[in-house]
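S.K.: To be precise about what I am sending: the file is called upload-v4.cif and holds mmCIF, C-alpha atoms.
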```
data_entry
loop_
_atom_site.label_atom_id
_atom_site.label_comp_id
_atom_site.auth_asym_id
_atom_site.auth_seq_id
_atom_site.Cartn_x
_atom_site.Cartn_y
_atom_site.Cartn_z
CA MET A 489 -10.21 49.71 -20.04
CA GLU A 490 -12.53 52.70 -19.77
CA LEU A 491 -15.71 51.84 -17.85
CA THR A 492 -18.14 53.29 -20.39
CA GLU A 493 -16.36 51.45 -23.20
CA LEU A 494 -16.71 48.19 -21.29
CA TYR A 495 -20.42 48.83 -20.74
CA LEU A 496 -20.83 49.56 -24.44
CA GLN A 497 -19.02 46.35 -25.42
CA LEU A 498 -21.20 44.30 -23.06
CA PHE A 499 -24.30 45.96 -24.48
CA ILE A 500 -23.35 45.27 -28.11
CA SER A 501 -22.24 41.67 -27.44
CA PHE A 502 -25.43 40.74 -25.64
CA LEU A 503 -27.58 42.55 -28.18
CA LYS A 504 -25.94 40.36 -30.82
CA ILE A 505 -26.51 37.24 -28.72
CA GLY A 506 -30.21 38.15 -28.33
CA LEU A 507 -30.59 38.92 -32.02
CA PHE A 508 -29.05 35.69 -33.34
CA GLY A 509 -30.09 33.41 -30.52
CA PHE A 510 -32.40 31.20 -32.54
CA GLY A 511 -33.60 28.06 -30.85
CA GLY A 512 -32.98 29.42 -27.35
CA GLY A 513 -31.19 27.50 -24.62
CA TYR A 514 -28.22 25.35 -25.58
CA ALA A 515 -28.36 26.46 -29.22
CA MET A 516 -27.26 29.91 -28.01
CA LEU A 517 -24.18 28.55 -26.23
CA PRO A 518 -21.71 28.61 -29.17
CA LEU A 519 -22.68 32.22 -29.85
CA ILE A 520 -22.31 33.23 -26.19
CA GLN A 521 -19.02 31.38 -25.83
CA ARG A 522 -17.64 33.00 -28.97
CA GLU A 523 -18.49 36.51 -27.78
CA VAL A 524 -17.54 36.30 -24.10
CA VAL A 525 -14.67 33.78 -24.14
CA ASP A 526 -13.05 33.90 -27.61
CA ILE A 527 -13.55 37.52 -28.69
CA HIS A 528 -13.58 39.53 -25.46
CA GLY A 529 -11.96 37.14 -22.99
CA TRP A 530 -14.24 38.33 -20.18
CA ILE A 531 -14.20 34.85 -18.63
CA SER A 532 -12.27 31.58 -19.07
CA VAL A 533 -13.65 28.37 -20.60
CA ASN A 534 -13.85 26.88 -17.12
CA ASP A 535 -15.85 29.81 -15.76
CA PHE A 536 -18.12 29.59 -18.79
CA THR A 537 -18.79 25.91 -18.10
CA ASP A 538 -19.49 26.78 -14.45
CA ILE A 539 -22.06 29.37 -15.55
CA VAL A 540 -23.80 26.73 -17.66
CA ALA A 541 -23.85 24.48 -14.58
CA ILE A 542 -25.33 27.28 -12.48
CA SER A 543 -27.93 27.88 -15.22
CA GLN A 544 -28.90 24.23 -15.21
CA THR A 545 -29.65 24.40 -11.49
CA THR A 546 -31.37 27.80 -11.20
CA PRO A 547 -34.54 29.19 -12.77
CA GLY A 548 -34.46 31.12 -16.02
CA PRO A 549 -33.00 30.66 -19.49
CA ILE A 550 -29.26 30.35 -20.06
CA ALA A 551 -29.14 33.53 -22.16
CA PHE A 552 -30.38 35.70 -19.27
CA ASN A 553 -28.29 33.87 -16.70
CA SER A 554 -25.07 34.28 -18.62
CA ALA A 555 -25.83 37.95 -19.38
CA THR A 556 -26.44 38.66 -15.70
CA TYR A 557 -23.38 36.72 -14.54
CA ILE A 558 -20.91 37.88 -17.17
CA GLY A 559 -22.14 41.50 -16.98
CA TYR A 560 -21.16 41.47 -13.33
CA THR A 561 -17.85 39.60 -13.54
CA ALA A 562 -16.54 41.42 -16.64
CA ILE A 563 -16.81 44.72 -14.73
CA THR A 564 -15.55 43.52 -11.35
CA GLU A 565 -12.65 41.56 -12.89
CA ALA A 566 -11.60 44.80 -14.60
CA GLY A 567 -11.13 46.23 -11.09
CA TYR A 568 -14.38 48.14 -10.55
CA SER A 569 -16.53 47.82 -7.42
CA THR A 570 -19.70 45.76 -6.85
CA GLY A 571 -22.08 48.66 -7.65
CA TYR A 572 -20.59 49.09 -11.12
CA GLY A 573 -20.76 45.31 -11.55
CA ILE A 574 -24.50 45.30 -10.82
CA LEU A 575 -24.98 48.02 -13.44
CA GLY A 576 -23.00 45.89 -15.94
CA SER A 577 -25.28 43.00 -15.09
CA ALA A 578 -28.40 45.09 -15.70
CA ILE A 579 -27.07 46.50 -18.99
CA SER A 580 -26.21 43.02 -20.35
CA THR A 581 -29.54 41.51 -19.30
CA LEU A 582 -31.44 44.40 -20.88
CA ALA A 583 -29.39 44.10 -24.08
CA VAL A 584 -30.09 40.39 -24.50
CA SER A 585 -33.84 41.08 -24.09
CA ILE A 586 -34.20 44.01 -26.51
CA PRO A 587 -34.24 41.99 -29.78
CA SER A 588 -36.97 39.70 -28.40
CA LEU A 589 -39.04 42.72 -27.36
CA ILE A 590 -38.83 44.37 -30.78
CA LEU A 591 -39.25 41.21 -32.87
CA MET A 592 -42.09 39.76 -30.78
CA THR A 593 -43.94 43.10 -30.92
CA LEU A 594 -43.70 42.92 -34.72
CA VAL A 595 -44.84 39.29 -34.62
CA CYS A 596 -47.92 40.34 -32.64
CA LEU A 597 -48.73 42.94 -35.30
CA PHE A 598 -48.42 40.55 -38.23
CA PHE A 599 -49.47 37.40 -36.40
CA PHE A 600 -51.92 36.02 -38.92
CA ARG A 601 -49.92 36.89 -41.97
CA LEU A 602 -46.82 35.22 -40.53
CA LYS A 603 -48.56 32.10 -39.32
CA ASN A 604 -48.83 30.43 -42.72
CA ASN A 605 -46.14 32.28 -44.62
CA PRO A 606 -44.37 29.66 -46.78
CA TRP A 607 -41.06 31.59 -46.88
CA LEU A 608 -40.92 31.72 -43.12
CA GLN A 609 -41.90 28.05 -42.84
CA SER A 610 -39.20 27.00 -45.28
CA SER A 611 -36.58 29.07 -43.46
CA LEU A 612 -37.62 27.63 -40.13
CA SER A 613 -37.41 24.03 -41.31
CA VAL A 614 -33.76 24.64 -42.27
CA LEU A 615 -33.08 26.56 -39.05
CA LYS A 616 -34.41 23.63 -37.03
CA LEU A 617 -31.68 21.40 -38.48
CA THR A 618 -29.05 24.12 -37.97
CA ILE A 619 -30.02 24.46 -34.32
CA ILE A 620 -29.31 20.76 -33.69
CA GLY A 621 -25.85 21.30 -35.19
CA LEU A 622 -25.29 24.36 -32.98
CA ILE A 623 -26.19 22.41 -29.85
CA ALA A 624 -23.80 19.63 -30.90
CA SER A 625 -21.05 22.20 -31.44
CA ALA A 626 -21.72 23.64 -27.97
CA ALA A 627 -21.05 20.18 -26.52
CA LEU A 628 -17.94 19.66 -28.67
CA MET A 629 -16.50 23.07 -27.73
CA LEU A 630 -16.91 22.27 -24.03
CA MET A 631 -15.30 18.81 -24.42
CA ASN A 632 -11.85 20.33 -24.01
CA GLU A 633 -8.84 19.66 -21.79
CA HIS A 634 -10.01 22.28 -19.26
CA ASN A 635 -13.27 20.49 -18.53
CA PHE A 636 -12.15 16.89 -19.16
CA ILE A 637 -8.98 16.66 -17.14
CA ASP A 638 -8.58 12.87 -16.89
CA TYR A 639 -10.35 9.51 -17.34
CA LYS A 640 -12.54 10.21 -14.28
CA SER A 641 -14.13 13.13 -16.15
CA TRP A 642 -15.16 10.74 -18.92
CA ILE A 643 -16.65 8.29 -16.44
CA ILE A 644 -18.74 11.09 -14.89
CA PHE A 645 -19.75 12.24 -18.38
CA THR A 646 -20.90 8.78 -19.45
CA ILE A 647 -22.87 8.03 -16.27
CA ILE A 648 -24.61 11.42 -16.24
CA MET A 649 -25.47 11.17 -19.93
CA ILE A 650 -27.11 7.77 -19.51
CA ALA A 651 -29.00 8.97 -16.42
CA SER A 652 -30.17 12.08 -18.24
CA ILE A 653 -31.41 10.09 -21.24
CA ARG A 654 -33.38 8.04 -18.69
CA LYS A 655 -35.01 11.31 -17.54
CA VAL A 656 -33.33 11.68 -14.15
CA ASP A 657 -33.80 15.25 -12.89
CA PRO A 658 -30.91 17.45 -14.13
CA ILE A 659 -30.61 19.37 -10.85
CA LEU A 660 -30.13 16.12 -8.98
CA LEU A 661 -27.50 15.05 -11.53
CA ILE A 662 -25.52 18.28 -11.11
CA VAL A 663 -25.57 17.87 -7.33
CA LEU A 664 -24.45 14.24 -7.59
CA SER A 665 -21.63 15.11 -9.99
CA GLY A 666 -20.48 17.82 -7.56
CA ILE A 667 -20.33 15.24 -4.76
CA ALA A 668 -18.46 12.89 -7.09
CA GLY A 669 -15.94 15.66 -7.79
CA LEU A 670 -15.44 16.25 -4.09
CA ILE A 671 -14.75 12.55 -3.50
CA LEU A 672 -12.65 11.85 -6.61
CA TYR A 673 -10.38 14.91 -6.66
CA MET B 234 -60.34 45.78 -12.09
CA ASN B 235 -58.51 49.06 -12.61
CA LEU B 236 -55.64 49.40 -15.04
CA ALA B 237 -52.82 49.59 -12.50
CA LYS B 238 -54.00 46.34 -10.98
CA GLN B 239 -54.11 44.68 -14.40
CA TYR B 240 -50.50 45.66 -15.08
CA LEU B 241 -49.50 44.39 -11.66
CA GLU B 242 -51.30 41.10 -12.29
CA LEU B 243 -49.44 40.60 -15.59
CA PHE B 244 -46.17 41.29 -13.82
CA LEU B 245 -46.89 38.93 -10.93
CA VAL B 246 -48.05 35.98 -13.05
CA PHE B 247 -44.86 36.08 -15.11
CA PHE B 248 -42.70 36.75 -12.06
CA LYS B 249 -44.05 33.51 -10.64
CA ILE B 250 -43.34 31.64 -13.89
CA GLY B 251 -39.83 33.13 -14.00
CA ALA B 252 -39.10 32.04 -10.45
CA PHE B 253 -40.04 28.41 -10.98
CA THR B 254 -38.83 27.56 -14.46
CA PHE B 255 -35.71 25.59 -13.72
CA GLY B 256 -33.65 24.74 -16.76
CA GLY B 257 -35.64 27.19 -18.86
CA GLY B 258 -36.94 26.57 -22.36
CA TYR B 259 -39.23 23.64 -22.96
CA ALA B 260 -39.57 22.69 -19.29
CA MET B 261 -41.63 25.79 -18.60
CA ILE B 262 -44.18 25.51 -21.36
CA PRO B 263 -46.69 23.46 -19.29
CA LEU B 264 -46.35 25.96 -16.45
CA ILE B 265 -47.07 28.94 -18.70
CA ARG B 266 -49.96 27.13 -20.32
CA ASN B 267 -51.50 26.38 -16.95
CA GLU B 268 -51.32 30.03 -15.84
CA VAL B 269 -52.21 31.75 -19.09
CA VAL B 270 -54.74 29.32 -20.61
CA ASN B 271 -56.29 27.41 -17.71
CA LYS B 272 -56.22 29.84 -14.80
CA LYS B 273 -56.34 33.34 -16.28
CA LYS B 274 -57.96 32.45 -19.63
CA TRP B 275 -55.94 35.16 -21.38
CA LEU B 276 -55.46 32.93 -24.43
CA ALA B 277 -57.46 30.07 -25.94
CA ASP B 278 -55.57 26.79 -26.24
CA ASN B 279 -55.22 26.97 -30.04
CA GLU B 280 -54.01 30.57 -29.77
CA PHE B 281 -51.44 29.35 -27.27
CA MET B 282 -50.15 26.69 -29.66
CA ASP B 283 -49.89 29.18 -32.55
CA MET B 284 -48.14 31.63 -30.27
CA LEU B 285 -45.68 28.96 -29.20
CA ALA B 286 -44.75 28.18 -32.80
CA LEU B 287 -43.99 31.86 -33.41
CA ALA B 288 -42.19 32.34 -30.10
CA GLN B 289 -39.83 29.56 -31.19
CA SER B 290 -39.24 31.11 -34.59
CA VAL B 291 -38.08 34.45 -33.17
CA PRO B 292 -34.58 34.64 -31.68
CA GLY B 293 -34.22 34.84 -27.91
CA PRO B 294 -35.43 32.72 -25.01
CA ILE B 295 -38.85 31.15 -25.54
CA SER B 296 -40.03 32.20 -22.08
CA LEU B 297 -39.34 35.88 -22.77
CA ASN B 298 -40.94 35.70 -26.21
CA THR B 299 -44.04 34.08 -24.73
CA ALA B 300 -44.25 36.67 -21.95
CA ILE B 301 -43.99 39.52 -24.46
CA PHE B 302 -46.72 38.02 -26.64
CA VAL B 303 -49.17 37.56 -23.78
CA GLY B 304 -48.47 41.05 -22.35
CA ASN B 305 -48.93 42.59 -25.77
CA LYS B 306 -52.18 40.75 -26.35
CA ARG B 307 -53.61 41.84 -22.99
CA LEU B 308 -52.52 45.47 -22.70
CA GLY B 309 -50.46 46.36 -25.75
CA PHE B 310 -46.79 47.29 -25.80
CA LYS B 311 -46.81 48.56 -22.20
CA GLY B 312 -48.28 45.26 -21.10
CA SER B 313 -45.37 43.44 -22.72
CA LEU B 314 -42.92 45.56 -20.71
CA PHE B 315 -44.57 44.36 -17.48
CA THR B 316 -44.63 40.68 -18.45
CA GLY B 317 -41.06 40.92 -19.79
CA ALA B 318 -39.82 42.47 -16.55
CA GLY B 319 -41.75 39.84 -14.59
CA ILE B 320 -40.11 36.91 -16.35
CA ILE B 321 -36.58 38.37 -16.24
CA LEU B 322 -36.38 39.67 -12.66
CA PRO B 323 -36.38 36.41 -10.63
CA SER B 324 -33.41 34.89 -12.46
CA PHE B 325 -31.69 38.28 -12.58
CA ILE B 326 -31.81 38.60 -8.79
CA ILE B 327 -30.76 34.99 -8.16
CA ILE B 328 -27.85 34.99 -10.62
CA LEU B 329 -26.63 38.39 -9.47
CA LEU B 330 -26.47 37.14 -5.88
CA ILE B 331 -24.66 33.99 -7.03
CA ALA B 332 -22.21 36.07 -9.07
CA ILE B 333 -21.45 38.34 -6.10
CA VAL B 334 -20.95 35.42 -3.71
CA PHE B 335 -19.36 32.94 -6.13
CA THR B 336 -16.62 35.28 -7.33
CA GLN B 337 -15.35 35.38 -3.73
CA PHE B 338 -15.11 31.59 -3.46
CA LYS B 339 -14.09 30.74 -7.00
CA ASP B 340 -10.47 29.97 -6.13
CA ASN B 341 -11.43 27.99 -3.05
CA GLN B 342 -10.05 24.41 -3.15
CA VAL B 343 -13.31 22.72 -2.18
CA VAL B 344 -15.33 24.68 -4.75
CA GLU B 345 -12.80 23.81 -7.44
CA ARG B 346 -13.03 20.09 -6.61
CA ILE B 347 -16.84 20.20 -6.78
CA PHE B 348 -16.70 21.88 -10.17
CA ARG B 349 -14.21 19.36 -11.53
CA GLY B 350 -16.99 16.83 -11.11
CA VAL B 351 -19.72 19.14 -12.38
CA ARG B 352 -18.06 20.28 -15.65
CA PRO B 353 -18.23 16.95 -17.51
CA ALA B 354 -21.81 16.53 -16.22
CA VAL B 355 -22.74 19.88 -17.78
CA VAL B 356 -21.58 18.62 -21.17
CA ALA B 357 -23.48 15.35 -20.67
CA LEU B 358 -26.69 17.31 -20.01
CA ILE B 359 -26.20 19.15 -23.31
CA VAL B 360 -25.56 15.95 -25.29
CA ALA B 361 -28.43 13.89 -23.79
CA PRO B 362 -31.43 15.76 -25.30
CA LEU B 363 -29.87 15.83 -28.80
CA LEU B 364 -31.45 12.52 -29.85
CA GLY B 365 -34.98 13.60 -28.94
CA LEU B 366 -34.49 17.02 -30.48
CA GLY B 367 -33.19 15.45 -33.68
CA LYS B 368 -36.33 13.39 -33.99
CA SER B 369 -38.67 16.36 -33.50
CA ALA B 370 -36.67 18.47 -35.98
CA GLY B 371 -37.27 15.80 -38.63
CA ILE B 372 -33.70 14.56 -39.07
CA LYS B 373 -33.40 11.81 -41.70
CA ILE B 374 -30.53 10.10 -43.51
CA SER B 375 -31.06 12.58 -46.35
CA ASN B 376 -30.59 15.72 -44.28
CA ILE B 377 -28.36 14.69 -41.39
CA TRP B 378 -25.42 16.30 -43.21
CA VAL B 379 -26.86 19.72 -42.30
CA PRO B 380 -26.43 19.52 -38.49
CA ILE B 381 -23.14 17.63 -38.88
CA THR B 382 -21.70 20.28 -41.20
CA VAL B 383 -22.91 23.08 -38.91
CA ALA B 384 -21.34 21.43 -35.86
CA LEU B 385 -18.01 20.96 -37.64
CA LEU B 386 -17.95 24.49 -39.08
CA VAL B 387 -18.55 26.06 -35.68
CA TRP B 388 -16.38 23.68 -33.68
CA LEU B 389 -13.35 23.12 -35.92
CA LEU B 390 -13.31 26.10 -38.27
CA LYS B 391 -14.61 28.54 -35.63
CA ILE B 392 -17.13 30.04 -38.05
CA SER B 393 -19.44 32.43 -36.21
CA PRO B 394 -22.94 31.02 -35.54
CA VAL B 395 -24.26 34.41 -36.72
CA TYR B 396 -23.22 33.66 -40.32
CA ILE B 397 -24.52 30.10 -40.10
CA ILE B 398 -27.94 31.28 -38.92
CA LEU B 399 -28.16 33.99 -41.60
CA PHE B 400 -27.09 31.50 -44.26
CA SER B 401 -29.65 28.88 -43.12
CA ALA B 402 -32.49 31.39 -43.16
CA ILE B 403 -31.58 32.59 -46.67
CA PHE B 404 -31.01 29.02 -47.88
CA GLY B 405 -34.50 28.11 -46.62
CA ILE B 406 -36.08 30.94 -48.62
CA LEU B 407 -34.11 30.13 -51.78
CA TYR B 408 -34.95 26.45 -51.45
CA PHE B 409 -38.62 27.38 -51.29
CA LEU B 410 -38.42 29.76 -54.26
CA PHE B 411 -36.45 27.54 -56.62
CA ILE B 412 -37.16 23.97 -55.69
CA LYS B 413 -40.54 23.67 -53.99
CA GLN B 414 -42.20 26.20 -56.34
CA LYS B 415 -40.97 24.32 -59.40
CA THR B 416 -41.97 20.90 -58.17
CA LYS B 417 -45.49 22.30 -57.60
CA LYS B 418 -45.73 23.27 -61.27
#
```
Mind turning this structure into structure tokens?
M.R.:
Amino acid sequence: MELTELYLQLFISFLKIGLFGFGGGYAMLPLIQREVVDIHGWISVNDFTDIVAISQTTPGPIAFNSATYIGYTAITEAGYSTGYGILGSAISTLAVSIPSLILMTLVCLFFFRLKNNPWLQSSLSVLKLTIIGLIASAALMLMNEHNFIDYKSWIIFTIIMIASIRKVDPILLIVLSGIAGLILY
Amino acid sequence: MNLAKQYLELFLVFFKIGAFTFGGGYAMIPLIRNEVVNKKKWLADNEFMDMLALAQSVPGPISLNTAIFVGNKRLGFKGSLFTGAGIILPSFIIILLIAIVFTQFKDNQVVERIFRGVRPAVVALIVAPLLGLGKSAGIKISNIWVPITVALLVWLLKISPVYIILFSAIFGILYFLFIKQKTKK
């Protein structure tokens, strides 16, 4: 594919992700997965899960991290060199940030009028429920045969979930699950 | 303090926040509060809480939205460009380096074994906070069908989250106009 066309596609996809990424974090995952895995096929489901893992262990929100990572790999996987990949990374990260910049600037202008607006409040109370559903769908979409290859996967899943509910540090849990993978497989 | 220094200070404070907010989202709120409210006194505590509510109601990562708000409040739109750049750059640099290095080792046997263990753990870390989030979003027996329906629509029917978010926002407004207004009268 033409390089400029690829850049444009990355820009539009991540602009869309930034614009509809209500709830931040995990709530944005179904949207990101749909754009980068299902529609454009820039990365596989496994790679997408790996990016989420990397996000959970490095600073910064998942939306930025996936924009930076996918911007780079989509370009380099298409056969272009590292320099073009870095530009793809920058374009995607910028694109995911633009909606926030515009909308938050507007919010600052109308701060006091928005604060107690009943329409906005009513919308937000429904969106809050929707966001929970989106996070659940992110988990369900990742519970596939690529990520859960056998019964050992389910054992790891169960142990990590219980530990996480008991507030064990997520970075530690990712490291431990990596060691478990090394031993078990 | 001259203007250039003030811009630099905005950039540096948010660069620091961006570099240390592992996991993103809600984990970083205490860190931002400490810098912006306690140390720099750029916002009063009640302003911070109001700002947080709005930052969560605008799409995009909460950390970026917060950075843009504070920058805008201090030095207008240009200020928000400096705080925005500050919060994005640390994770951009880290993830870009990981992307460049990781793509070389992706097909390595050892790396693949580690990630076989990590992938189910990633899903577990997404599922674990759902219970707590459900409570704070006000999920009850009467409205639990909303997140369940959303999850099923996105997961099984592959409906785009974009439509679901638009529909929820509009539904919230209509609900307010036709049901809450009438019950008031």
S.K.: For each of B:Ser375, B:Ser393, B:Gln342, B:Ser313, take the minimum atom-to-atom distance to A:Tyr673, counting all atoms listed in the file, then give the residue where this is smallest.
M.R.: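 With all atoms listed in the file as the atom set, the closest residue is B:Gln342.
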S.K.: Step by step, work through what the PyMOL selection byres ((chain A and resi 518) around 8) selects in the shown file, and finish by giving those residues as a ChimeraX atom specification.
M.R.: /A:515-517,519-522,622-623,625-626,629 /B:387,394
S.K.: What would the file look like if the residues just selected were written as a compact mmCIF listing (two decimals), keeping the file's coordinate frame with C-alpha atoms?
M.R.:
```
# COMPACT_ATOMS: atom_id res chain seq x y z
CA ALA A 515 -28.36 26.46 -29.22
CA MET A 516 -27.26 29.91 -28.01
CA LEU A 517 -24.18 28.55 -26.23
CA LEU A 519 -22.68 32.22 -29.85
CA ILE A 520 -22.31 33.23 -26.19
CA GLN A 521 -19.02 31.38 -25.83
CA ARG A 522 -17.64 33.00 -28.97
CA LEU A 622 -25.29 24.36 -32.98
CA ILE A 623 -26.19 22.41 -29.85
CA SER A 625 -21.05 22.20 -31.44
CA ALA A 626 -21.72 23.64 -27.97
CA MET A 629 -16.50 23.07 -27.73
CA VAL B 387 -18.55 26.06 -35.68
CA PRO B 394 -22.94 31.02 -35.54
```
S.K.: Mind giving me the axis-aligned box for stretch 577-593 of chain A with 4 Å on every side, centre plus edges in Å to one decimal, as AutoDock Vina command-line options?
M.R.:
```
--center_x -34.6 --center_y 43.1 --center_z -24.0 --size_x 26.7 --size_y 14.8 --size_z 25.8
```
S.K.: For the PyMOL selection byres ((chain B and resi 358) around 8), applied here, can you spell out every residue it catches as a PyMOL selection string?
M.R.: (chain A and resi 648-649+652+658) or (chain B and resi 354-357+359-362)
S.K.: Please work out which residues fall within 12 Å of (-5.5, 20.7, -14.2), coordinates as given in the file, with all atoms listed in the file counting, and return them as a VMD selection string.
M.R.: (chain A and resid 534 632 to 638 641 673) or (chain B and resid 345 to 346 348 to 349)
S.K.: Please write as a PDB file with C-alpha atoms, keeping the file's coordinate frame the full residue list that the PyMOL selection byres ((chain B and resi 261-274) around 10) yields on this file.
M.R.:
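Output saved as result15.pdb:
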```pdb
ATOM      1  CA  PRO A 547     -34.540  29.190 -12.770  1.00  0.00           C
ATOM      2  CA  GLY A 548     -34.460  31.120 -16.020  1.00  0.00           C
ATOM      3  CA  PRO A 549     -33.000  30.660 -19.490  1.00  0.00           C
TER       4      PRO A 549
ATOM      5  CA  LEU B 243     -49.440  40.600 -15.590  1.00  0.00           C
ATOM      6  CA  VAL B 246     -48.050  35.980 -13.050  1.00  0.00           C
ATOM      7  CA  PHE B 247     -44.860  36.080 -15.110  1.00  0.00           C
ATOM      8  CA  LYS B 249     -44.050  33.510 -10.640  1.00  0.00           C
ATOM      9  CA  ILE B 250     -43.340  31.640 -13.890  1.00  0.00           C
ATOM     10  CA  GLY B 251     -39.830  33.130 -14.000  1.00  0.00           C
ATOM     11  CA  PHE B 253     -40.040  28.410 -10.980  1.00  0.00           C
ATOM     12  CA  THR B 254     -38.830  27.560 -14.460  1.00  0.00           C
ATOM     13  CA  PHE B 255     -35.710  25.590 -13.720  1.00  0.00           C
ATOM     14  CA  GLY B 256     -33.650  24.740 -16.760  1.00  0.00           C
ATOM     15  CA  GLY B 257     -35.640  27.190 -18.860  1.00  0.00           C
ATOM     16  CA  GLY B 258     -36.940  26.570 -22.360  1.00  0.00           C
ATOM     17  CA  TYR B 259     -39.230  23.640 -22.960  1.00  0.00           C
ATOM     18  CA  ALA B 260     -39.570  22.690 -19.290  1.00  0.00           C
ATOM     19  CA  TRP B 275     -55.940  35.160 -21.380  1.00  0.00           C
ATOM     20  CA  LEU B 276     -55.460  32.930 -24.430  1.00  0.00           C
ATOM     21  CA  ALA B 277     -57.460  30.070 -25.940  1.00  0.00           C
ATOM     22  CA  ASP B 278     -55.570  26.790 -26.240  1.00  0.00           C
ATOM     23  CA  ASN B 279     -55.220  26.970 -30.040  1.00  0.00           C
ATOM     24  CA  GLU B 280     -54.010  30.570 -29.770  1.00  0.00           C
ATOM     25  CA  PHE B 281     -51.440  29.350 -27.270  1.00  0.00           C
ATOM     26  CA  MET B 282     -50.150  26.690 -29.660  1.00  0.00           C
ATOM     27  CA  LEU B 285     -45.680  28.960 -29.200  1.00  0.00           C
ATOM     28  CA  ILE B 295     -38.850  31.150 -25.540  1.00  0.00           C
ATOM     29  CA  SER B 296     -40.030  32.200 -22.080  1.00  0.00           C
ATOM     30  CA  THR B 299     -44.040  34.080 -24.730  1.00  0.00           C
ATOM     31  CA  ALA B 300     -44.250  36.670 -21.950  1.00  0.00           C
ATOM     32  CA  VAL B 303     -49.170  37.560 -23.780  1.00  0.00           C
TER      33      VAL B 303
END
```
S.K.: Rounded to one decimal, what separation in Å do you get between atom CA of B:Phe325 and atom CA of A:Ala583?
M.R.: 13.1 Å
S.K.: Which residues are near A:Leu503? Cut-off 12 Å, only C-alpha atoms, ignore same chain within fewer than 5 positions. Put them as a PDB file with C-alpha atoms, in the coordinates of the input.
M.R.:
```
ATOM      1  CA  LEU A 496     -20.830  49.560 -24.440  1.00  0.00           C
ATOM      2  CA  GLN A 497     -19.020  46.350 -25.420  1.00  0.00           C
ATOM      3  CA  LEU A 498     -21.200  44.300 -23.060  1.00  0.00           C
ATOM      4  CA  PHE A 508     -29.050  35.690 -33.340  1.00  0.00           C
ATOM      5  CA  GLY A 509     -30.090  33.410 -30.520  1.00  0.00           C
ATOM      6  CA  LEU A 519     -22.680  32.220 -29.850  1.00  0.00           C
ATOM      7  CA  ILE A 520     -22.310  33.230 -26.190  1.00  0.00           C
ATOM      8  CA  GLU A 523     -18.490  36.510 -27.780  1.00  0.00           C
ATOM      9  CA  ALA A 551     -29.140  33.530 -22.160  1.00  0.00           C
ATOM     10  CA  PHE A 552     -30.380  35.700 -19.270  1.00  0.00           C
ATOM     11  CA  ALA A 555     -25.830  37.950 -19.380  1.00  0.00           C
ATOM     12  CA  ILE A 579     -27.070  46.500 -18.990  1.00  0.00           C
ATOM     13  CA  SER A 580     -26.210  43.020 -20.350  1.00  0.00           C
ATOM     14  CA  THR A 581     -29.540  41.510 -19.300  1.00  0.00           C
ATOM     15  CA  LEU A 582     -31.440  44.400 -20.880  1.00  0.00           C
ATOM     16  CA  ALA A 583     -29.390  44.100 -24.080  1.00  0.00           C
ATOM     17  CA  VAL A 584     -30.090  40.390 -24.500  1.00  0.00           C
ATOM     18  CA  SER A 585     -33.840  41.080 -24.090  1.00  0.00           C
ATOM     19  CA  ILE A 586     -34.200  44.010 -26.510  1.00  0.00           C
ATOM     20  CA  PRO A 587     -34.240  41.990 -29.780  1.00  0.00           C
ATOM     21  CA  SER A 588     -36.970  39.700 -28.400  1.00  0.00           C
ATOM     22  CA  LEU A 589     -39.040  42.720 -27.360  1.00  0.00           C
ATOM     23  CA  ILE A 590     -38.830  44.370 -30.780  1.00  0.00           C
TER      24      ILE A 590
ATOM     25  CA  PRO B 292     -34.580  34.640 -31.680  1.00  0.00           C
ATOM     26  CA  GLY B 293     -34.220  34.840 -27.910  1.00  0.00           C
TER      27      GLY B 293
END
```
S.K.: With distances taken over all atoms listed in the file, which of A:Ser532, A:Ser501, A:Thr492, A:Thr618 is nearest to chain B?
M.R.: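 Counting all atoms listed in the file, the residue closest to chain B is A:Thr618.
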S.K.: Can you tell me, as a compact mmCIF listing (two decimals) with C-alpha atoms, in the coordinates of the input, what residues are no more than 10 Å from B:Ile403 when counting all atoms listed in the file, ignoring any on the same chain fewer than 3 positions away?
M.R.:
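Output (selection_31.txt):
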```
# COMPACT_ATOMS: atom_id res chain seq x y z
CA TRP A 607 -41.06 31.59 -46.88
CA SER A 610 -39.20 27.00 -45.28
CA SER A 611 -36.58 29.07 -43.46
CA VAL A 614 -33.76 24.64 -42.27
CA LEU A 615 -33.08 26.56 -39.05
CA ILE B 397 -24.52 30.10 -40.10
CA ILE B 398 -27.94 31.28 -38.92
CA LEU B 399 -28.16 33.99 -41.60
CA PHE B 400 -27.09 31.50 -44.26
CA ILE B 406 -36.08 30.94 -48.62
CA LEU B 407 -34.11 30.13 -51.78
CA TYR B 408 -34.95 26.45 -51.45
CA PHE B 409 -38.62 27.38 -51.29
```
S.K.: Got a sec: who's within 10 Å of stretch 593-600 of chain A, counting only C-alpha atoms, leaving out chain neighbours fewer than 4 positions off, as an NGL selection string?
M.R.: (:A and (587-589 or 604-605)) or (:B and (283-284 or 287-288 or 290-291 or 298 or 301-306 or 309-310 or 313))
